[in-house]
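Here's coords_9.csv, which has CSV, C-alpha atoms:
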chain,number,residue,atom,x,y,z
G,202,MET,CA,-25.6,-32.3,-83.1
G,203,THR,CA,-24.0,-35.2,-85.0
G,204,PRO,CA,-26.6,-36.8,-87.4
G,205,PHE,CA,-24.8,-40.2,-87.1
G,206,LEU,CA,-25.4,-40.5,-83.4
G,207,GLU,CA,-28.8,-39.0,-83.5
G,208,GLU,CA,-29.9,-41.5,-86.2
G,209,LEU,CA,-28.5,-44.4,-84.2
G,210,ALA,CA,-30.2,-43.1,-81.0
G,211,ALA,CA,-33.6,-42.8,-82.7
G,212,ARG,CA,-33.4,-46.2,-84.5
G,213,ARG,CA,-32.1,-48.6,-81.9
G,214,ARG,CA,-31.2,-46.5,-78.8
G,215,PHE,CA,-31.8,-49.4,-76.4
G,216,GLY,CA,-30.7,-52.2,-78.7
G,217,MET,CA,-28.3,-54.9,-77.7
G,218,LYS,CA,-26.5,-57.4,-79.9
G,219,PRO,CA,-24.7,-60.2,-78.1
G,220,GLY,CA,-21.1,-60.6,-79.4
G,221,LEU,CA,-18.0,-58.5,-79.8
G,222,GLU,CA,-17.5,-59.0,-83.6
G,223,THR,CA,-18.9,-55.6,-84.6
G,224,ILE,CA,-17.0,-53.5,-82.1
G,225,ARG,CA,-13.8,-55.3,-82.9
G,226,ALA,CA,-14.2,-54.8,-86.6
G,227,LEU,CA,-14.9,-51.1,-86.1
G,228,CYS,CA,-12.0,-50.6,-83.7
G,229,ASP,CA,-9.7,-52.5,-86.1
G,230,ALA,CA,-10.6,-49.9,-88.8
G,231,LEU,CA,-9.8,-47.1,-86.4
G,232,GLY,CA,-6.4,-48.5,-85.5
G,233,ASN,CA,-7.5,-50.1,-82.2
G,234,PRO,CA,-7.6,-46.9,-80.1
G,235,GLN,CA,-8.6,-49.0,-77.1
G,236,CYS,CA,-5.1,-50.3,-76.8
G,237,SER,CA,-3.5,-46.8,-76.4
G,238,PHE,CA,-4.2,-46.1,-72.7
G,239,LYS,CA,-4.3,-47.9,-69.4
G,240,ALA,CA,-7.9,-49.0,-68.9
G,241,ILE,CA,-9.6,-49.6,-65.6
G,242,HIS,CA,-12.6,-51.7,-66.5
G,243,VAL,CA,-15.6,-51.6,-64.1
G,244,ALA,CA,-18.6,-54.0,-64.1
G,245,GLY,CA,-21.3,-54.8,-61.5
G,246,THR,CA,-25.0,-54.3,-61.0
G,247,ASN,CA,-25.0,-51.3,-58.7
G,248,GLY,CA,-22.3,-48.8,-57.7
G,249,LYS,CA,-20.3,-48.9,-60.9
G,250,GLY,CA,-20.7,-45.2,-61.7
G,251,ALA,CA,-19.9,-44.1,-58.2
G,252,VAL,CA,-16.7,-46.2,-58.2
G,253,CYS,CA,-15.7,-44.7,-61.6
G,254,ALA,CA,-16.3,-41.2,-60.3
G,255,ILE,CA,-14.2,-41.7,-57.2
G,256,LEU,CA,-11.4,-43.3,-59.1
G,257,ASP,CA,-11.5,-40.5,-61.6
G,258,ALA,CA,-11.1,-37.8,-58.9
G,259,ALA,CA,-8.3,-39.7,-57.1
G,260,LEU,CA,-6.3,-40.6,-60.2
G,261,ARG,CA,-6.5,-37.0,-61.5
G,262,GLU,CA,-5.0,-35.8,-58.3
G,263,GLY,CA,-2.2,-38.2,-58.5
G,264,ILE,CA,-1.4,-37.3,-62.1
G,265,ARG,CA,-1.6,-33.6,-61.3
G,266,ASP,CA,1.0,-34.1,-58.7
G,267,ARG,CA,3.3,-35.4,-61.4
G,268,GLY,CA,2.7,-32.3,-63.6
G,269,SER,CA,0.9,-34.2,-66.4
G,270,GLY,CA,-1.8,-32.7,-68.6
G,271,ILE,CA,-5.1,-34.4,-69.3
G,272,GLY,CA,-4.5,-37.7,-67.4
G,273,VAL,CA,-7.9,-39.4,-67.0
G,274,GLY,CA,-10.9,-40.1,-69.1
G,275,ARG,CA,-14.1,-41.6,-67.8
G,276,TYR,CA,-16.8,-43.4,-69.8
G,277,THR,CA,-20.1,-44.2,-68.0
G,278,SER,CA,-23.7,-44.8,-68.9
G,279,PRO,CA,-26.5,-43.9,-69.1
G,280,HIS,CA,-26.5,-40.1,-69.1
G,281,LEU,CA,-29.0,-38.2,-67.0
G,282,VAL,CA,-29.7,-35.2,-69.3
G,283,LYS,CA,-27.1,-34.7,-72.0
G,284,ILE,CA,-25.0,-37.4,-73.8
G,285,ASN,CA,-21.8,-35.4,-73.0
G,286,GLU,CA,-22.1,-36.7,-69.4
G,287,ARG,CA,-20.9,-40.1,-70.6
G,288,PHE,CA,-17.5,-38.8,-71.7
G,289,PHE,CA,-15.4,-37.1,-69.1
G,290,LEU,CA,-12.0,-35.6,-69.7
G,291,ASP,CA,-10.0,-34.0,-66.9
G,292,GLY,CA,-13.0,-34.0,-64.6
G,293,ALA,CA,-15.7,-32.5,-66.9
G,294,PRO,CA,-18.0,-33.6,-69.6
G,295,VAL,CA,-16.4,-33.3,-73.1
G,296,ASP,CA,-17.6,-30.2,-75.0
G,297,ASP,CA,-20.0,-30.5,-78.0
G,298,GLU,CA,-17.3,-29.6,-80.6
G,299,THR,CA,-14.9,-32.3,-79.5
G,300,LEU,CA,-17.6,-34.9,-79.2
G,301,GLU,CA,-19.0,-34.1,-82.6
G,302,GLY,CA,-15.5,-34.2,-84.2
G,303,VAL,CA,-14.8,-37.7,-82.8
G,304,ALA,CA,-18.3,-38.9,-83.7
G,305,CYS,CA,-17.8,-37.8,-87.3
G,306,LYS,CA,-14.6,-39.8,-87.6
G,307,ILE,CA,-16.5,-42.9,-86.3
G,308,ALA,CA,-19.2,-42.3,-88.9
G,309,SER,CA,-16.7,-42.0,-91.7
G,310,SER,CA,-15.0,-45.3,-90.7
G,311,VAL,CA,-18.4,-47.1,-90.4
G,312,SER,CA,-19.4,-46.0,-93.9
G,313,ARG,CA,-16.4,-47.8,-95.3
G,314,LEU,CA,-17.1,-51.1,-93.5
G,315,PRO,CA,-19.3,-54.1,-94.5
G,316,SER,CA,-23.0,-53.7,-94.0
G,317,SER,CA,-22.9,-56.1,-91.0
G,318,VAL,CA,-20.6,-53.7,-89.2
G,319,GLN,CA,-22.6,-50.6,-90.2
G,320,ASP,CA,-25.5,-52.1,-88.3
G,321,LEU,CA,-23.9,-51.3,-85.0
G,322,THR,CA,-25.9,-50.4,-81.9
G,323,PHE,CA,-26.0,-47.0,-80.3
G,324,PHE,CA,-23.9,-48.3,-77.3
G,325,GLU,CA,-21.3,-49.8,-79.6
G,326,ALA,CA,-21.0,-46.5,-81.5
G,327,LEU,CA,-20.6,-44.5,-78.2
G,328,THR,CA,-18.0,-47.0,-76.9
G,329,ALA,CA,-16.0,-46.5,-80.1
G,330,VAL,CA,-16.3,-42.8,-79.6
G,331,ALA,CA,-15.0,-43.1,-76.1
G,332,PHE,CA,-12.0,-45.3,-77.2
G,333,LEU,CA,-11.0,-42.8,-80.0
G,334,LEU,CA,-11.6,-39.8,-77.8
G,335,TYR,CA,-9.3,-41.0,-75.1
G,336,ALA,CA,-6.7,-42.2,-77.5
G,337,GLU,CA,-6.6,-38.8,-79.2
G,338,ALA,CA,-6.5,-37.0,-75.8
G,339,LYS,CA,-3.5,-39.3,-74.9
G,340,VAL,CA,-4.9,-40.0,-71.4
G,341,ASP,CA,-2.9,-42.0,-68.9
G,342,TYR,CA,-5.9,-43.8,-67.6
G,343,ALA,CA,-9.4,-44.4,-69.1
G,344,ILE,CA,-12.0,-45.6,-66.6
G,345,LEU,CA,-14.5,-47.7,-68.6
G,346,GLU,CA,-17.9,-48.7,-67.2
G,347,CYS,CA,-19.6,-51.7,-68.7
G,348,GLY,CA,-23.0,-50.9,-70.1
G,349,LEU,CA,-24.7,-54.3,-69.5
G,350,GLY,CA,-23.2,-57.5,-68.2
G,351,GLY,CA,-19.5,-57.7,-69.0
G,352,ARG,CA,-18.5,-60.7,-71.0
G,353,LEU,CA,-20.3,-59.5,-74.2
G,354,ASP,CA,-20.3,-55.8,-73.4
G,355,ALA,CA,-18.8,-53.6,-76.1
G,356,THR,CA,-16.3,-52.2,-73.6
G,357,ASN,CA,-14.8,-55.7,-73.1
G,358,ILE,CA,-12.4,-55.4,-76.0
G,359,CYS,CA,-10.3,-53.0,-73.9
G,360,GLU,CA,-6.9,-54.0,-72.5
G,361,PRO,CA,-7.3,-53.3,-68.8
G,362,LYS,CA,-4.6,-52.6,-66.2
G,363,LEU,CA,-7.2,-53.4,-63.6
G,364,CYS,CA,-10.7,-54.9,-63.5
G,365,VAL,CA,-13.2,-53.9,-60.8
G,366,ILE,CA,-16.5,-55.6,-60.0
G,367,THR,CA,-18.9,-53.9,-57.7
G,368,LYS,CA,-22.1,-55.1,-56.0
G,369,ILE,CA,-24.0,-57.8,-58.0
G,370,GLY,CA,-27.7,-58.3,-57.7
G,371,LEU,CA,-30.7,-59.3,-59.8
G,372,ASP,CA,-31.2,-57.0,-62.8
G,373,HIS,CA,-31.5,-57.4,-66.6
G,374,CYS,CA,-32.3,-61.1,-65.8
G,375,ASP,CA,-33.6,-61.7,-69.4
G,376,TRP,CA,-30.0,-61.0,-70.7
G,377,LEU,CA,-27.8,-62.1,-67.8
G,378,GLY,CA,-29.5,-64.9,-66.0
G,379,ASP,CA,-32.0,-65.4,-63.2
G,380,THR,CA,-29.6,-66.0,-60.3
G,381,VAL,CA,-26.9,-63.8,-58.8
G,382,GLU,CA,-24.4,-66.6,-59.6
G,383,LYS,CA,-25.3,-66.5,-63.3
G,384,ILE,CA,-25.1,-62.8,-63.4
G,385,ALA,CA,-21.8,-62.9,-61.5
G,386,ALA,CA,-20.4,-65.2,-64.2
G,387,GLU,CA,-21.4,-62.7,-66.9
G,388,LYS,CA,-19.8,-59.8,-65.0
G,389,ALA,CA,-16.7,-61.9,-64.3
G,390,GLY,CA,-16.3,-62.2,-68.1
G,391,ILE,CA,-14.3,-58.9,-68.0
G,392,ILE,CA,-11.5,-60.7,-66.1
G,393,LYS,CA,-8.4,-61.0,-68.3
G,394,PRO,CA,-5.4,-63.4,-67.9
G,395,GLY,CA,-2.8,-61.9,-65.5
G,396,VAL,CA,-4.8,-58.7,-64.9
G,397,PRO,CA,-5.7,-58.0,-61.2
G,398,VAL,CA,-9.4,-57.9,-60.3
G,399,VAL,CA,-10.9,-56.2,-57.3
G,400,LEU,CA,-14.3,-57.4,-56.1
G,401,GLY,CA,-16.5,-55.2,-53.9
G,402,ARG,CA,-18.5,-56.5,-50.9
G,403,ASN,CA,-20.8,-59.3,-52.1
G,404,GLU,CA,-22.5,-62.4,-51.1
G,405,PRO,CA,-20.2,-65.4,-50.6
G,406,SER,CA,-21.7,-67.2,-53.6
G,407,VAL,CA,-20.8,-64.2,-55.8
G,408,ARG,CA,-17.3,-64.1,-54.4
G,409,ALA,CA,-16.9,-67.8,-55.2
G,410,VAL,CA,-17.9,-67.3,-58.8
G,411,VAL,CA,-15.6,-64.3,-59.4
G,412,GLU,CA,-12.7,-65.8,-57.5
G,413,ALA,CA,-13.0,-69.0,-59.5
G,414,ARG,CA,-12.9,-67.2,-62.8
G,415,ALA,CA,-9.8,-65.2,-61.7
G,416,LYS,CA,-8.1,-68.4,-60.7
G,417,GLU,CA,-9.0,-70.0,-64.1
G,418,VAL,CA,-7.2,-67.3,-66.1
G,419,ASP,CA,-4.4,-66.7,-63.5
G,420,ALA,CA,-5.6,-63.2,-62.6
G,421,PRO,CA,-4.7,-61.9,-59.1
G,422,PHE,CA,-7.9,-61.7,-57.1
G,423,TYR,CA,-8.5,-59.1,-54.3
G,424,TYR,CA,-11.6,-58.8,-52.1
G,425,ALA,CA,-12.1,-55.1,-51.4
G,426,PRO,CA,-13.1,-55.4,-47.7
G,427,ASP,CA,-9.8,-57.3,-47.1
G,428,LEU,CA,-7.8,-54.4,-48.5
G,429,ALA,CA,-9.6,-51.3,-47.3
G,430,SER,CA,-12.1,-50.3,-44.6
G,431,GLU,CA,-14.6,-47.5,-44.1
G,432,SER,CA,-12.4,-46.1,-41.3
G,433,GLU,CA,-10.0,-45.0,-44.1
G,434,ILE,CA,-12.7,-43.0,-45.9
G,435,PRO,CA,-12.5,-39.3,-45.2
G,436,ALA,CA,-15.2,-38.0,-42.8
G,437,ASP,CA,-16.1,-35.3,-45.4
G,438,PHE,CA,-16.6,-37.8,-48.2
G,439,SER,CA,-19.0,-36.0,-50.6
G,440,LEU,CA,-21.3,-38.9,-51.6
G,441,VAL,CA,-23.8,-39.7,-48.9
G,442,GLY,CA,-25.6,-43.0,-48.1
G,443,SER,CA,-24.1,-46.1,-46.6
G,444,PHE,CA,-23.9,-47.8,-50.0
G,445,ASN,CA,-21.6,-45.0,-51.2
G,446,ARG,CA,-19.2,-45.6,-48.4
G,447,GLU,CA,-19.2,-49.2,-49.5
G,448,ASN,CA,-18.4,-48.0,-53.0
G,449,ALA,CA,-15.6,-45.8,-51.6
G,450,VAL,CA,-14.1,-48.9,-50.0
G,451,THR,CA,-14.1,-50.7,-53.4
G,452,ALA,CA,-12.5,-47.7,-55.0
G,453,LEU,CA,-9.9,-47.4,-52.3
G,454,ALA,CA,-9.0,-51.0,-52.7
G,455,ALA,CA,-8.6,-50.5,-56.4
G,456,LEU,CA,-6.2,-47.6,-55.8
G,457,LYS,CA,-4.2,-49.7,-53.4
G,458,VAL,CA,-3.8,-52.4,-56.1
G,459,LEU,CA,-2.8,-49.8,-58.6
G,460,GLU,CA,-0.3,-48.5,-56.0
G,461,GLN,CA,-2.0,-45.1,-56.2
G,462,SER,CA,-3.3,-44.8,-52.6
G,463,ASN,CA,-1.9,-42.0,-50.5
G,464,SER,CA,-3.1,-38.9,-48.7
G,465,ARG,CA,-3.1,-36.9,-51.9
G,466,THR,CA,-5.3,-39.3,-53.8
G,467,ILE,CA,-7.7,-39.9,-50.9
G,468,GLU,CA,-8.2,-36.2,-50.3
G,469,PRO,CA,-10.3,-35.7,-53.5
G,470,PHE,CA,-13.0,-38.1,-52.0
G,471,SER,CA,-14.4,-35.0,-50.5
G,472,ARG,CA,-15.0,-33.4,-54.0
G,473,VAL,CA,-16.5,-36.3,-55.9
G,474,ILE,CA,-19.6,-35.4,-57.9
G,475,TRP,CA,-21.9,-38.3,-58.9
G,476,PRO,CA,-25.4,-36.7,-59.1
G,477,GLY,CA,-28.7,-38.4,-58.5
G,478,ARG,CA,-27.6,-41.0,-56.0
G,479,PHE,CA,-29.1,-40.3,-52.7
G,480,GLN,CA,-28.7,-36.6,-53.4
G,481,ARG,CA,-30.4,-34.2,-51.0
G,482,ILE,CA,-32.0,-31.1,-52.5
G,483,GLY,CA,-34.0,-29.2,-49.9
G,484,ASN,CA,-36.8,-31.6,-48.8
G,485,PHE,CA,-36.1,-33.9,-51.7
G,486,ILE,CA,-33.9,-37.0,-52.0
G,487,VAL,CA,-33.2,-37.9,-55.6
G,488,ASP,CA,-31.9,-41.4,-56.1
G,489,GLY,CA,-31.4,-43.7,-59.1
G,490,ALA,CA,-32.7,-46.8,-57.4
G,491,HIS,CA,-34.5,-48.9,-60.0
G,492,ASN,CA,-33.9,-52.5,-59.0
G,493,PRO,CA,-34.3,-54.5,-55.7
G,494,PRO,CA,-30.7,-54.3,-54.6
G,495,ALA,CA,-30.6,-50.5,-55.1
G,496,ALA,CA,-34.0,-50.2,-53.3
G,497,LYS,CA,-32.6,-52.0,-50.3
G,498,ALA,CA,-29.5,-49.7,-50.4
G,499,LEU,CA,-31.9,-46.7,-50.5
G,500,VAL,CA,-33.8,-48.0,-47.5
G,501,ARG,CA,-30.5,-48.5,-45.6
G,502,ALA,CA,-29.5,-45.0,-46.4
G,503,LEU,CA,-32.9,-43.7,-45.3
G,504,GLU,CA,-32.6,-45.6,-42.0
G,505,SER,CA,-29.1,-44.2,-41.4
G,506,GLU,CA,-30.6,-40.7,-41.9
G,507,ASP,CA,-33.1,-41.5,-39.1
G,508,VAL,CA,-36.0,-40.9,-41.4
G,509,ARG,CA,-39.1,-42.2,-39.5
G,510,ARG,CA,-41.5,-44.7,-41.1
G,511,LYS,CA,-44.6,-43.2,-42.7
G,512,THR,CA,-43.0,-39.8,-43.2
G,513,ILE,CA,-42.0,-40.1,-46.9
G,514,ASP,CA,-43.7,-39.1,-50.0
G,515,LEU,CA,-42.6,-41.1,-53.0
G,516,VAL,CA,-42.4,-39.9,-56.6
G,517,CYS,CA,-41.5,-42.6,-59.0
G,518,GLY,CA,-41.6,-43.8,-62.6
G,519,PHE,CA,-40.3,-47.0,-64.0
G,520,CYS,CA,-39.3,-48.8,-67.2
G,521,GLY,CA,-41.5,-51.8,-67.8
G,522,ASP,CA,-38.6,-54.3,-67.8
G,523,LYS,CA,-37.8,-53.8,-64.1
G,524,ASP,CA,-38.9,-55.8,-61.0
G,525,ILE,CA,-41.2,-53.0,-60.0
G,526,GLY,CA,-43.3,-55.0,-57.6
G,527,GLU,CA,-40.3,-56.0,-55.5
G,528,VAL,CA,-38.8,-52.5,-55.6
G,529,LEU,CA,-42.1,-51.0,-54.4
G,530,SER,CA,-42.6,-53.7,-51.7
G,531,ILE,CA,-39.1,-52.8,-50.3
G,532,LEU,CA,-40.0,-49.0,-50.2
G,533,ALA,CA,-43.7,-49.3,-49.2
G,534,PRO,CA,-43.2,-49.4,-45.4
G,535,PHE,CA,-41.6,-46.0,-45.5
G,536,VAL,CA,-44.1,-44.3,-47.7
G,537,LYS,CA,-47.0,-42.1,-46.6
G,538,LYS,CA,-48.1,-40.9,-50.1
G,539,GLY,CA,-47.1,-41.8,-53.6
G,540,TYR,CA,-47.1,-40.0,-56.9
G,541,ALA,CA,-46.6,-41.8,-60.2
G,542,VAL,CA,-45.2,-40.3,-63.4
G,543,LYS,CA,-44.2,-41.4,-66.8
G,544,THR,CA,-40.4,-41.3,-67.5
G,545,ASN,CA,-38.9,-39.9,-70.7
G,546,ASN,CA,-38.1,-43.4,-72.0
G,547,PRO,CA,-39.9,-45.4,-74.7
G,548,ARG,CA,-40.0,-48.4,-72.3
G,549,SER,CA,-41.7,-46.4,-69.5
G,550,LEU,CA,-44.9,-47.4,-67.9
G,551,SER,CA,-47.6,-44.8,-68.0
G,552,ALA,CA,-48.3,-42.9,-64.8
G,553,GLU,CA,-51.6,-44.8,-64.4
G,554,GLU,CA,-49.8,-48.2,-64.7
G,555,THR,CA,-47.2,-47.2,-62.2
G,556,ALA,CA,-49.8,-45.8,-59.8
G,557,ALA,CA,-51.6,-49.2,-60.0
G,558,LYS,CA,-48.5,-51.1,-59.1
G,559,MET,CA,-47.8,-48.7,-56.2
G,560,ARG,CA,-51.3,-49.3,-54.9
G,561,ALA,CA,-50.8,-53.1,-55.2
G,562,ALA,CA,-47.8,-52.7,-53.0
G,563,GLY,CA,-49.9,-50.9,-50.4
G,564,ILE,CA,-49.0,-47.3,-51.2
G,565,ASP,CA,-51.7,-44.6,-51.4
G,566,ALA,CA,-50.7,-43.4,-54.9
G,567,SER,CA,-52.0,-41.0,-57.5
G,568,PRO,CA,-50.9,-40.6,-61.2
G,569,CYS,CA,-49.6,-37.2,-62.2
G,570,GLY,CA,-49.4,-35.6,-65.7
G,571,SER,CA,-45.8,-34.5,-65.3
G,572,LEU,CA,-42.9,-34.6,-62.9
G,573,ARG,CA,-43.4,-31.0,-62.1
G,574,GLU,CA,-46.9,-31.7,-61.0
G,575,ALA,CA,-45.7,-34.5,-58.8
G,576,ILE,CA,-43.1,-32.2,-57.2
G,577,GLU,CA,-45.6,-29.5,-56.6
G,578,HIS,CA,-48.0,-32.0,-54.9
G,579,SER,CA,-45.3,-33.5,-52.7
G,580,ASN,CA,-43.3,-30.4,-51.8
G,581,ASN,CA,-44.0,-30.3,-48.0
G,582,PRO,CA,-41.6,-28.9,-45.5
G,583,ASN,CA,-42.8,-31.4,-42.9
G,584,THR,CA,-41.9,-34.5,-45.0
G,585,ARG,CA,-39.1,-35.9,-47.1
G,586,THR,CA,-39.9,-36.7,-50.8
G,587,VAL,CA,-37.9,-39.4,-52.5
G,588,VAL,CA,-37.7,-39.4,-56.3
G,589,CYS,CA,-36.6,-42.7,-57.7
G,590,GLY,CA,-37.3,-45.6,-60.2
G,591,SER,CA,-35.3,-44.5,-63.3
G,592,LEU,CA,-32.2,-42.6,-64.1
G,593,PHE,CA,-34.1,-40.8,-66.8
G,594,LEU,CA,-36.5,-39.5,-64.1
G,595,VAL,CA,-33.5,-38.6,-61.9
G,596,GLY,CA,-32.1,-36.4,-64.7
G,597,GLU,CA,-35.4,-34.6,-65.2
G,598,ALA,CA,-35.8,-34.1,-61.4
G,599,LEU,CA,-32.3,-32.6,-61.0
G,600,VAL,CA,-33.1,-30.0,-63.7
G,601,GLU,CA,-36.6,-29.3,-62.3
G,602,LEU,CA,-35.1,-28.8,-58.8
G,603,GLY,CA,-32.3,-26.6,-60.1
G,604,ALA,CA,-29.6,-29.1,-59.1
G,605,TYR,CA,-28.2,-30.4,-62.4
G,606,PRO,CA,-24.5,-29.7,-62.2
G,607,TRP,CA,-23.6,-29.2,-65.8
G,608,GLY,CA,-25.6,-26.2,-67.0
G,609,ALA,CA,-29.1,-27.2,-68.0
G,610,SER,CA,-31.6,-24.6,-66.8
G,611,ARG,CA,-34.7,-26.6,-67.9
G,612,PHE,CA,-35.4,-30.2,-68.9
G,613,ASP,CA,-35.8,-30.9,-72.6
G,614,PRO,CA,-36.5,-34.5,-73.5
G,615,SER,CA,-35.0,-34.1,-76.9
G,616,GLU,CA,-31.6,-33.6,-75.2
G,617,LEU,CA,-31.6,-37.3,-74.5
G,618,LEU,CA,-30.9,-37.9,-78.2
G,619,LYS,CA,-28.5,-35.0,-78.7
G,620,VAL,CA,-24.7,-34.7,-78.5
As C-alpha cells, how would this structure be written, given the file I've shared?
Amino acid sequence: MTPFLEELAARRRFGMKPGLETIRALCDALGNPQCSFKAIHVAGTNGKGAVCAILDAALREGIRDRGSGIGVGRYTSPHLVKINERFFLDGAPVDDETLEGVACKIASSVSRLPSSVQDLTFFEALTAVAFLLYAEAKVDYAILECGLGGRLDATNICEPKLCVITKIGLDHCDWLGDTVEKIAAEKAGIIKPGVPVVLGRNEPSVRAVVEARAKEVDAPFYYAPDLASESEIPADFSLVGSFNRENAVTALAALKVLEQSNSRTIEPFSRVIWPGRFQRIGNFIVDGAHNPPAAKALVRALESEDVRRKTIDLVCGFCGDKDIGEVLSILAPFVKKGYAVKTNNPRSLSAEETAAKMRAAGIDASPCGSLREAIEHSNNPNTRTVVCGSLFLVGEALVELGAYPWGASRFDPSELLKV
C-alpha cells in the first residue's frame, strides 16, 4: 500500500478543485509524461467506461498484429473494488508493485513543489499516476476517461489524437449545469484545435452544442450514427443491453476515424469485459445505473430481455447527491419488492433513508443491514433481482455473488482506499 495515495484518499477522496493549474504544475515537474503517447480522450455522462473498454480490446488486437509489446493503457474511474482497476496495461489491471512504484515517484515530486500544488486532490494524483505509468510503459495509445465534466477535468491536459463524447444527460448538476446543453458544453471542453471528435448518439440540442464547439476550434466533427451502425456489431458482442450496443457503435465510429477498423479489430468485441453493467449472474442483474439517463437505459435493457412488469426485486443503495426520486420513479413500474442498503461510500444514504425514498416512489421496500442480507431475501428462482444505484454497491455485489473478475474472494471496504 502506498501511504501517499492512502492519505489522499482518506483526506479528500471525493474532492474536486476546478482548474488545471495544479495538475499542470505537477506534470511539468514530472517532465510532462502526458505528452509521450497518443491519447484517446473520452467524456460523457454514461457509457464512457464501456467505450474505453471496447477501444482497449480493439486497439490491442491491432497492435498485436503488428508485433508490438504493451501497446495500450486504459485509465477509468471509479473502481469497483480495488484501485488497480483504474489502470489497465495490456488488458489487465496493473499489479500492486508497479502501481506503488509509480505512486512513490509522484509523491516524491509533490514533496518538492509549492504547498499549493501539494494540496492536490485524490483524482489529480491518480491522473498523474496514469500519465507517468503509461509514459514509462511506452504505450502506443492511452485511453483516458474524464472523471467529471471535461473542460476542467484533470485529464484535460493530455494531447489527444482523438476525442470521444458519449451519451450526455443530467448528472453532477451542481458542478456542470442544470440543462443537458450546459453539461454538453462542459464535456465539449475536451475538444482541441484540429483534433477529431466523435459524438455518440444524443439529443439534437446536445449535438448542436458539441458540433458548434468543434467548428469554433476547427476540429473535425463526426456523429457516430453517421459512421457506424448496429448491424456492424458482431452478434456475439459480449456486453449485453441495448445501451451497450449504442456504446459499441460509438467505439466503432472512433476506430473508423482512427483508421483502425477492420475484421481483426472488430473481432475482440466478443471478449470485452466491463463488469457491473447489466451483468447477469444467475437470477441477478447487476448494473451501475445511478442517474436518470442510466435508469432509462436499464429499463430499455429489461424490456428487450422480455422481463415482465411486476416480476423484479430491486436491491439498491444511493449516494445522497443523486436524483434518487427520478431514478426510482423510472424503475418503480417494474418492481415487485425492494430492498434498501447503505453503500460503502461516505456520501451514502442510510438503508432507512433509501427505503423511505423507494416507498415514496411506490415501491414496497424494506431496509437491510447489509447487502448480503438483501441478496438472501431477494434470491428467488422465480424472479429477477436487479442490483443498482451505485458503482460502489456494484463492486460489493460482484464479490458477494462470486463474479468479480480480478481475484477478490470477499468484499473488504478497506480495499476502496488501497493500492
**Q.** For Ala429 of chain G: contacts at 10 Å, only C-alpha atoms, fewer than 4 positions along chain excluded, given as an MDAnalysis selection string
**A.** chainID G and resid 424:425 433:434 449:457
(Q) Counting all atoms listed in the file, which residue out of G:Val282, G:Cys359, G:Val411, G:Leu256 sits closest to Ala598 of chain G? (A) G:Val282
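In this model, the gap between atom CA of Glu325 of chain G and atom CA of Leu227 of chain G comes to 9.2 Å.
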Q | Counting only C-alpha atoms, the option among G:Glu504, G:Leu592, G:Phe485, G:Glu387 closest to Ile576 of chain G | A |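 Smallest separation from Ile576 of chain G among the options: G:Phe485.
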Q.
Env of Pro582 of chain G: 9 Å cut, atoms = all atoms listed in the file, seq-sep filter 3 positions within chain, self excluded. Answer as JSON, numbers by chain.
A. {"G": [483, 484, 585]}
Q: Find the residue from G:Ser462, G:Ser567, G:Thr380, G:Asn581 that sits nearest to Ala541 of chain G; use only C-alpha atoms when measuring.
A: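 Using only C-alpha atoms, Ala541 of chain G sits closest to G:Ser567.
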Q. From the set G:Pro279, G:Pro494, G:Gly302, G:Pro397, which residue has the shortest atom-to-atom contact distance to Ile241 of chain G, counting all atoms listed in the file?
A.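 Smallest distance to Ile241 of chain G is found for G:Pro397.
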Q. How far is it from atom CA of Glu262 of chain G to atom CA of Val398 of chain G, in Å with one decimal?
A. 22.6 Å
Q: Enter the distance from atom CA of Asn285 of chain G to atom CA of Asp297 of chain G, in Å, rounded to one decimal.
A: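 Between atom CA of Asn285 of chain G and atom CA of Asp297 of chain G the gap is 7.2 Å.
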(Q) Residues proximal to (-32.6, -45.7, -62.8) were defined as those with any atom within 6 Å of that point in the file's coordinates, counting only C-alpha atoms. Which are they, as a list in words? (A)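 It turns out the residues near that spot are Gly489, Ala490, His491, Gly590, Ser591 and Leu592 of chain G.
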**Q.** Residues near His578 of chain G, cut-off 10 Å, all atoms listed in the file, skip fewer than 6 positions along chain, as a VMD selection string
**A.** chain G and resid 514 516 539 to 540 569 572
Q | segment 556-565 of chain G environment, 9 Å, only C-alpha atoms, sequence neighbours closer than 4 positions dropped, as a PyMOL selection string | A | chain G and resi 517-518+525-527+529-530+533-534+536-542+551-552+569
Restricting it to C-alpha atoms, dump the selection as an mmCIF file, in the frame of the given file.
data_model
loop_
_atom_site.group_PDB
_atom_site.id
_atom_site.type_symbol
_atom_site.label_atom_id
_atom_site.label_comp_id
_atom_site.auth_asym_id
_atom_site.auth_seq_id
_atom_site.Cartn_x
_atom_site.Cartn_y
_atom_site.Cartn_z
ATOM 1 C CA CYS G 517 -41.500 -42.600 -59.000
ATOM 2 C CA GLY G 518 -41.600 -43.800 -62.600
ATOM 3 C CA ILE G 525 -41.200 -53.000 -60.000
ATOM 4 C CA GLY G 526 -43.300 -55.000 -57.600
ATOM 5 C CA GLU G 527 -40.300 -56.000 -55.500
ATOM 6 C CA LEU G 529 -42.100 -51.000 -54.400
ATOM 7 C CA SER G 530 -42.600 -53.700 -51.700
ATOM 8 C CA ALA G 533 -43.700 -49.300 -49.200
ATOM 9 C CA PRO G 534 -43.200 -49.400 -45.400
ATOM 10 C CA VAL G 536 -44.100 -44.300 -47.700
ATOM 11 C CA LYS G 537 -47.000 -42.100 -46.600
ATOM 12 C CA LYS G 538 -48.100 -40.900 -50.100
ATOM 13 C CA GLY G 539 -47.100 -41.800 -53.600
ATOM 14 C CA TYR G 540 -47.100 -40.000 -56.900
ATOM 15 C CA ALA G 541 -46.600 -41.800 -60.200
ATOM 16 C CA VAL G 542 -45.200 -40.300 -63.400
ATOM 17 C CA SER G 551 -47.600 -44.800 -68.000
ATOM 18 C CA ALA G 552 -48.300 -42.900 -64.800
ATOM 19 C CA CYS G 569 -49.600 -37.200 -62.200
#
**Q.** G:Ser312, G:Ser237, G:Asn492, G:Thr246 ranked by distance to Ala385 of chain G, top pick (using all atoms listed in the file)
**A.** G:Thr246
With a distance cut-off of 9 Å and all atoms listed in the file, select the neighbouring residues of Ala331 of chain G, excluding the residue or stretch itself and same-chain residues fewer than 5 positions from it, and output the selection as a short mmCIF file (atom, residue, chain, number, x, y, z; two decimals) with C-alpha atoms, in the coordinates of the input.
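This went into out_38.cif:
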data_model
loop_
_atom_site.label_atom_id
_atom_site.label_comp_id
_atom_site.auth_asym_id
_atom_site.auth_seq_id
_atom_site.Cartn_x
_atom_site.Cartn_y
_atom_site.Cartn_z
CA GLN G 235 -8.60 -49.00 -77.10
CA GLY G 274 -10.90 -40.10 -69.10
CA ARG G 275 -14.10 -41.60 -67.80
CA TYR G 276 -16.80 -43.40 -69.80
CA ARG G 287 -20.90 -40.10 -70.60
CA PHE G 288 -17.50 -38.80 -71.70
CA VAL G 303 -14.80 -37.70 -82.80
CA ALA G 326 -21.00 -46.50 -81.50
CA ALA G 336 -6.70 -42.20 -77.50
CA LEU G 345 -14.50 -47.70 -68.60
#
